>>> print(open('run-v4.txt').read())   # compact mmCIF, C-alpha atoms
# COMPACT_ATOMS: atom_id res chain seq x y z
CA MET A 1 12.80 21.84 5.09
CA SER A 2 12.52 21.22 8.82
CA GLU A 3 12.46 17.87 10.52
CA GLN A 4 11.42 16.81 13.98
CA SER A 5 12.16 13.29 15.24
CA THR A 6 10.10 11.42 17.82
CA THR A 7 10.19 7.75 18.77
CA GLY A 8 9.83 5.87 15.51
CA ILE A 9 8.41 8.91 13.70
CA SER A 10 10.03 11.42 11.38
CA VAL A 11 7.90 14.49 10.63
CA THR A 12 8.82 16.50 7.56
CA ALA A 13 7.25 19.85 6.69
CA ASN A 14 7.57 20.39 2.93
CA SER A 15 8.15 23.96 1.87
CA CYS A 16 5.13 23.96 -0.45
CA GLN A 17 2.69 23.22 2.39
CA SER A 18 2.16 24.78 5.78
CA ALA A 19 2.69 22.66 8.88
CA ASP A 20 -0.98 23.17 9.76
CA SER A 21 -2.09 21.32 6.62
CA HIS A 22 -0.29 18.21 7.89
CA GLN A 23 -2.14 17.92 11.21
CA LEU A 24 -3.42 14.34 11.19
CA ALA A 25 -6.08 15.01 13.81
CA ASN A 26 -7.87 17.12 11.20
CA LYS A 27 -7.82 14.42 8.51
CA THR A 28 -11.21 12.85 7.93
CA LEU A 29 -10.16 10.36 5.22
CA ILE A 30 -7.37 7.84 5.89
CA ILE A 31 -6.30 5.86 2.81
CA PHE A 32 -4.06 2.80 3.17
CA ASP A 33 -2.01 0.72 0.83
CA TRP A 34 -2.51 -2.98 1.66
CA ASP A 35 0.53 -5.26 1.20
CA GLY A 36 3.36 -4.34 3.53
CA THR A 37 1.32 -1.55 5.12
CA LEU A 38 -1.66 -3.28 6.74
CA MET A 39 -0.86 -6.92 5.94
CA ASP A 40 2.40 -8.75 6.58
CA SER A 41 2.52 -10.24 3.09
CA ILE A 42 5.86 -9.18 1.61
CA GLY A 43 7.56 -12.53 2.27
CA LEU A 44 4.78 -14.44 0.53
CA ILE A 45 4.80 -12.07 -2.45
CA VAL A 46 8.55 -12.56 -2.90
CA ALA A 47 8.30 -16.35 -2.56
CA SER A 48 5.36 -16.49 -4.98
CA MET A 49 7.22 -14.52 -7.63
CA HIS A 50 10.30 -16.72 -7.33
CA VAL A 51 8.19 -19.87 -7.69
CA ALA A 52 6.26 -18.43 -10.63
CA GLY A 53 9.30 -17.16 -12.51
CA GLU A 54 11.36 -20.30 -12.02
CA ALA A 55 8.45 -22.48 -13.15
CA HIS A 56 8.76 -20.83 -16.56
CA GLY A 57 12.54 -20.63 -16.80
CA PHE A 58 13.23 -17.18 -15.29
CA GLN A 59 15.03 -16.03 -12.16
CA THR A 60 15.18 -12.80 -10.21
CA THR A 61 16.30 -11.53 -6.78
CA ASP A 62 14.45 -10.77 -3.55
CA LYS A 63 15.31 -7.07 -3.88
CA ALA A 64 14.04 -6.89 -7.45
CA VAL A 65 10.70 -8.37 -6.40
CA GLN A 66 10.44 -6.02 -3.42
CA ASP A 67 11.08 -3.07 -5.71
CA ILE A 68 8.02 -3.84 -7.89
CA ILE A 69 5.58 -4.39 -5.03
CA GLY A 70 2.95 -1.69 -5.23
CA LEU A 71 2.68 -1.88 -9.01
CA SER A 72 0.02 -3.96 -10.70
CA LEU A 73 1.09 -7.59 -11.02
CA MET A 74 1.53 -7.51 -14.81
CA ASN A 75 3.52 -4.27 -14.67
CA GLY A 76 5.78 -5.91 -12.12
CA ILE A 77 6.21 -9.03 -14.25
CA ASP A 78 7.10 -6.84 -17.24
CA ILE A 79 9.90 -5.23 -15.20
CA LEU A 80 11.19 -8.46 -13.65
CA TYR A 81 11.12 -10.59 -16.79
CA PRO A 82 11.56 -8.30 -19.81
CA LEU A 83 12.75 -11.18 -22.02
CA ALA A 84 9.62 -13.26 -21.43
CA SER A 85 7.05 -13.48 -24.20
CA GLU A 86 3.50 -12.28 -23.60
CA ALA A 87 2.38 -15.90 -23.27
CA GLN A 88 5.11 -16.56 -20.71
CA LYS A 89 4.18 -13.45 -18.74
CA LEU A 90 0.57 -14.58 -18.57
CA ALA A 91 1.72 -18.03 -17.44
CA ILE A 92 3.92 -16.45 -14.74
CA GLN A 93 0.93 -14.42 -13.56
CA GLN A 94 -1.18 -17.57 -13.31
CA SER A 95 1.53 -19.50 -11.44
CA TYR A 96 2.00 -16.57 -9.08
CA ALA A 97 -1.71 -16.43 -8.30
CA GLU A 98 -1.95 -20.18 -7.70
CA TYR A 99 0.98 -20.22 -5.27
CA TYR A 100 -0.11 -17.06 -3.46
CA ILE A 101 -3.68 -18.26 -2.97
CA ALA A 102 -2.56 -21.68 -1.76
CA ASN A 103 -0.34 -20.08 0.89
CA SER A 104 -2.30 -16.94 1.77
CA HIS A 105 -3.20 -18.32 5.21
CA SER A 106 0.31 -17.23 6.25
CA THR A 107 -0.31 -13.49 5.76
CA PRO A 108 -1.82 -11.90 8.90
CA LEU A 109 -2.49 -8.24 9.50
CA PHE A 110 0.36 -6.57 11.35
CA GLU A 111 -0.14 -6.93 15.10
CA PRO A 112 -1.66 -3.52 16.02
CA THR A 113 -3.55 -3.03 12.75
CA GLU A 114 -7.02 -4.17 13.75
CA ALA A 115 -6.98 -2.16 16.98
CA MET A 116 -5.81 0.88 14.97
CA LEU A 117 -8.63 0.47 12.45
CA GLN A 118 -11.17 0.07 15.25
CA THR A 119 -9.93 3.25 16.95
CA LEU A 120 -9.99 5.29 13.75
CA HIS A 121 -13.46 3.99 12.94
CA THR A 122 -14.67 4.93 16.42
CA GLN A 123 -13.20 8.42 15.94
CA GLY A 124 -15.45 8.86 12.90
CA LYS A 125 -12.70 8.70 10.28
CA GLN A 126 -13.50 7.39 6.82
CA LEU A 127 -11.07 4.62 5.90
CA ALA A 128 -10.18 3.42 2.39
CA VAL A 129 -7.68 1.20 0.57
CA ALA A 130 -5.72 1.90 -2.63
CA THR A 131 -3.75 -1.18 -3.64
CA GLY A 132 -1.80 -2.75 -6.48
CA LYS A 133 -3.81 -5.94 -5.95
CA LYS A 134 -6.52 -7.04 -8.34
CA ARG A 135 -10.11 -6.82 -7.08
CA LYS A 136 -10.44 -10.58 -6.67
CA GLY A 137 -7.23 -10.73 -4.62
CA LEU A 138 -8.16 -7.82 -2.36
CA ASN A 139 -11.63 -9.22 -1.70
CA ARG A 140 -10.04 -12.53 -0.73
CA VAL A 141 -7.76 -10.98 1.91
CA LEU A 142 -10.49 -8.65 3.16
CA ASP A 143 -12.65 -11.72 3.74
CA ALA A 144 -9.83 -13.65 5.40
CA SER A 145 -8.98 -10.76 7.73
CA LYS A 146 -12.65 -9.90 8.37
CA SER A 147 -11.90 -6.25 7.71
CA HIS A 148 -14.35 -5.32 4.94
CA HIS A 149 -16.52 -3.30 7.30
CA TYR A 150 -13.79 -0.82 8.20
CA PHE A 151 -13.48 0.63 4.69
CA VAL A 152 -15.94 2.94 2.95
CA MET A 153 -14.20 2.28 -0.38
CA THR A 154 -11.40 0.15 -1.79
CA ARG A 155 -9.70 0.66 -5.16
CA CYS A 156 -7.51 -1.81 -7.05
CA ALA A 157 -4.99 -1.74 -9.88
CA ASP A 158 -7.38 -3.46 -12.31
CA GLU A 159 -9.95 -0.69 -11.73
CA ALA A 160 -7.63 2.28 -12.24
CA GLY A 161 -4.09 3.02 -13.39
CA SER A 162 -1.21 1.24 -11.67
CA LYS A 163 0.65 3.28 -9.06
CA PRO A 164 2.07 5.93 -9.14
CA ASP A 165 -0.87 6.99 -11.34
CA PRO A 166 -3.11 8.83 -8.81
CA GLN A 167 -6.40 7.67 -10.37
CA MET A 168 -7.16 5.40 -7.40
CA LEU A 169 -6.88 8.34 -5.03
CA HIS A 170 -9.00 10.53 -7.33
CA ASP A 171 -11.71 7.85 -7.34
CA ILE A 172 -11.69 7.53 -3.55
CA LEU A 173 -11.87 11.30 -3.07
CA GLU A 174 -14.79 11.52 -5.48
CA HIS A 175 -16.66 8.64 -3.82
CA THR A 176 -16.22 10.04 -0.31
CA GLN A 177 -16.72 13.68 -1.38
CA GLN A 178 -13.58 14.64 0.50
CA LYS A 179 -10.93 17.19 -0.47
CA ILE A 180 -7.25 16.40 -0.94
CA SER A 181 -6.49 18.48 2.16
CA ASP A 182 -8.84 16.23 4.19
CA ALA A 183 -6.94 13.05 3.32
CA VAL A 184 -3.73 11.22 4.11
CA PHE A 185 -2.28 8.25 2.23
CA ILE A 186 -0.10 5.60 3.91
CA GLY A 187 2.17 3.20 2.04
CA ASP A 188 5.42 1.25 2.10
CA SER A 189 6.68 1.68 -1.48
CA ILE A 190 8.15 4.61 -3.37
CA TYR A 191 5.20 4.35 -5.77
CA ASP A 192 2.81 5.01 -2.87
CA ILE A 193 4.58 8.21 -1.90
CA GLN A 194 4.95 9.32 -5.53
CA MET A 195 1.20 8.80 -6.03
CA ALA A 196 0.29 10.96 -3.04
CA THR A 197 2.85 13.60 -3.99
CA GLN A 198 1.34 13.99 -7.46
CA LEU A 199 -1.88 15.15 -5.81
CA GLY A 200 -0.22 17.20 -3.07
CA MET A 201 -1.76 14.81 -0.52
CA THR A 202 -0.26 14.34 2.93
CA SER A 203 1.64 11.04 3.00
CA ILE A 204 3.02 8.63 5.58
CA ALA A 205 5.80 6.27 4.53
CA VAL A 206 6.21 3.06 6.55
CA ASP A 207 9.70 1.55 6.74
CA TYR A 208 8.65 -2.01 7.62
CA GLY A 209 7.42 -3.03 4.14
CA THR A 210 9.12 -3.12 0.73
CA ALA A 211 11.37 -0.08 0.46
CA SER A 212 14.24 0.91 2.72
CA SER A 213 14.06 3.91 5.01
CA ALA A 214 16.53 5.79 2.79
CA GLU A 215 14.60 5.00 -0.40
CA LEU A 216 11.38 6.27 1.16
CA ALA A 217 13.01 9.35 2.68
CA ALA A 218 14.28 10.31 -0.78
CA GLN A 219 10.62 10.64 -1.86
CA GLN A 220 10.07 13.27 0.86
CA PRO A 221 6.95 11.86 2.54
CA THR A 222 5.20 14.14 5.01
CA TYR A 223 5.73 11.61 7.80
CA GLN A 224 7.82 8.46 8.09
CA VAL A 225 7.45 5.70 10.68
CA ASP A 226 9.52 2.60 11.32
CA THR A 227 7.07 0.17 12.95
CA PRO A 228 3.37 -0.71 12.73
CA GLN A 229 2.98 0.46 16.33
CA ALA A 230 4.51 3.83 15.47
CA LEU A 231 1.96 4.17 12.65
CA ALA A 232 -0.89 3.39 15.03
CA ASP A 233 0.45 5.91 17.57
CA LEU A 234 0.79 8.60 14.90
CA LEU A 235 -2.71 8.13 13.48
CA CYS A 236 -4.59 7.48 16.71
CA GLY A 237 -2.71 9.69 19.15
>>> encode(input="run-v4.txt", output="structure tokens")
Amino acid sequence: MSEQSTTGISVTANSCQSADSHQLANKTLIIFDWDGTLMDSIGLIVASMHVAGEAHGFQTTDKAVQDIIGLSLMNGIDILYPLASEAQKLAIQQSYAEYYIANSHSTPLFEPTEAMLQTLHTQGKQLAVATGKKRKGLNRVLDASKSHHYFVMTRCADEAGSKPDPQMLHDILEHTQQKISDAVFIGDSIYDIQMATQLGMTSIAVDYGTASSAELAAQQPTYQVDTPQALADLLCG
């Protein structure tokens, strides 16, 4: 394995793929995770889960919540609150949704994100989203951020298996009629990188979301960046 470091960017060439297959300029399909990758929503997700759990008699830690971001909401609740009954888990889900929606005005896109999406769109790239959000939740934030028009397809956890199941990526590839070698997936959780790896898809891990740099590096992403600006530079350069 060879590694080349640039400002904010770590480029890793996995032994099973040639370096040429990683060239991002040749990628025609760019697939993004949402929370913690495009939208600065991790703080609200953590706060919402604390409020929801405590409302029904359960507690957890910030790190535990961060570790389940990327999974579907119910899968995450199962992991965080294994002693809760099914009725309690459903109640936690409802309380989470109510708090998140009431406070979602505080979750902007990361600063360079819209300019990055505009540039990629102008370059003729097809853009898509694969997220652990439910469809209703994703549509809400797409409306709020006025970003629907950038994406040729979006796929949610209630429409396919929860990450790291690669069904969302399969569906996007089928819809866009693109090959795995034409695509790159970008995410901030270990589940994102595991999902891309299962398909042999080029991946970019972003360090500014849920998982630490070391946790993401252990998943051997193709690229790793430490800031939203570094992601924009890597994709648009």
>>> closest_atom_pairs(input="run-v4.txt", of="range 121-231 of chain A", to="range 66-74 of chain A", cutoff="8 Å", atoms="only C-alpha atoms", output="JSON lines")
{"residue": "A:Thr131", "atom": "CA", "partner": "A:Gly70", "partner_atom": "CA", "distance": 6.9}
{"residue": "A:Gly132", "atom": "CA", "partner": "A:Ser72", "partner_atom": "CA", "distance": 4.8}
{"residue": "A:Lys133", "atom": "CA", "partner": "A:Ser72", "partner_atom": "CA", "distance": 6.4}
{"residue": "A:Lys134", "atom": "CA", "partner": "A:Ser72", "partner_atom": "CA", "distance": 7.6}
{"residue": "A:Ala157", "atom": "CA", "partner": "A:Ser72", "partner_atom": "CA", "distance": 5.5}
{"residue": "A:Asp158", "atom": "CA", "partner": "A:Ser72", "partner_atom": "CA", "distance": 7.6}
{"residue": "A:Ser162", "atom": "CA", "partner": "A:Ser72", "partner_atom": "CA", "distance": 5.4}
{"residue": "A:Lys163", "atom": "CA", "partner": "A:Leu71", "partner_atom": "CA", "distance": 5.5}
{"residue": "A:Pro164", "atom": "CA", "partner": "A:Leu71", "partner_atom": "CA", "distance": 7.8}
{"residue": "A:Ser189", "atom": "CA", "partner": "A:Gly70", "partner_atom": "CA", "distance": 6.3}
{"residue": "A:Tyr191", "atom": "CA", "partner": "A:Gly70", "partner_atom": "CA", "distance": 6.5}
{"residue": "A:Asp192", "atom": "CA", "partner": "A:Gly70", "partner_atom": "CA", "distance": 7.1}
{"residue": "A:Thr210", "atom": "CA", "partner": "A:Gln66", "partner_atom": "CA", "distance": 5.2}
{"residue": "A:Ala211", "atom": "CA", "partner": "A:Asp67", "partner_atom": "CA", "distance": 6.9}
>>> atom_distance(input="run-v4.txt", atom1="CA of Asp62 in chain A", atom2="CA of Tyr99 in chain A")
16.5 Å
>>> closest_atom_pairs(input="run-v4.txt", of="range 91-161 of chain A", to="range 165-171 of chain A", cutoff="6 Å", atoms="all atoms listed in the file", output="JSON lines")
{"residue": "A:Arg155", "atom": "CA", "partner": "A:Met168", "partner_atom": "CA", "distance": 5.8}
{"residue": "A:Ala160", "atom": "CA", "partner": "A:Met168", "partner_atom": "CA", "distance": 5.8}
{"residue": "A:Gly161", "atom": "CA", "partner": "A:Asp165", "partner_atom": "CA", "distance": 5.5}
>>> closest_residue(input="run-v4.txt", among="A:Ser147, A:Gln177, A:Ser95, A:Gln126", to="Ala52 in chain A", atoms="only C-alpha atoms")
A:Ser95
>>> residues_around(input="run-v4.txt", residues="range 24-39 of chain A", least_positions_apart="2", cutoff="7 Å", atoms="only C-alpha atoms", output="list in words")
His22, Ser41, Ile42, Thr107, Pro108, Leu109, Phe110, Thr113, Lys125, Gln126, Leu127, Ala128, Val129, Ala130, Thr131, Asp182, Ala183, Val184, Phe185, Ile186, Gly187, Asp188, Val206, Gly209, Thr210 and Leu235 of chain A
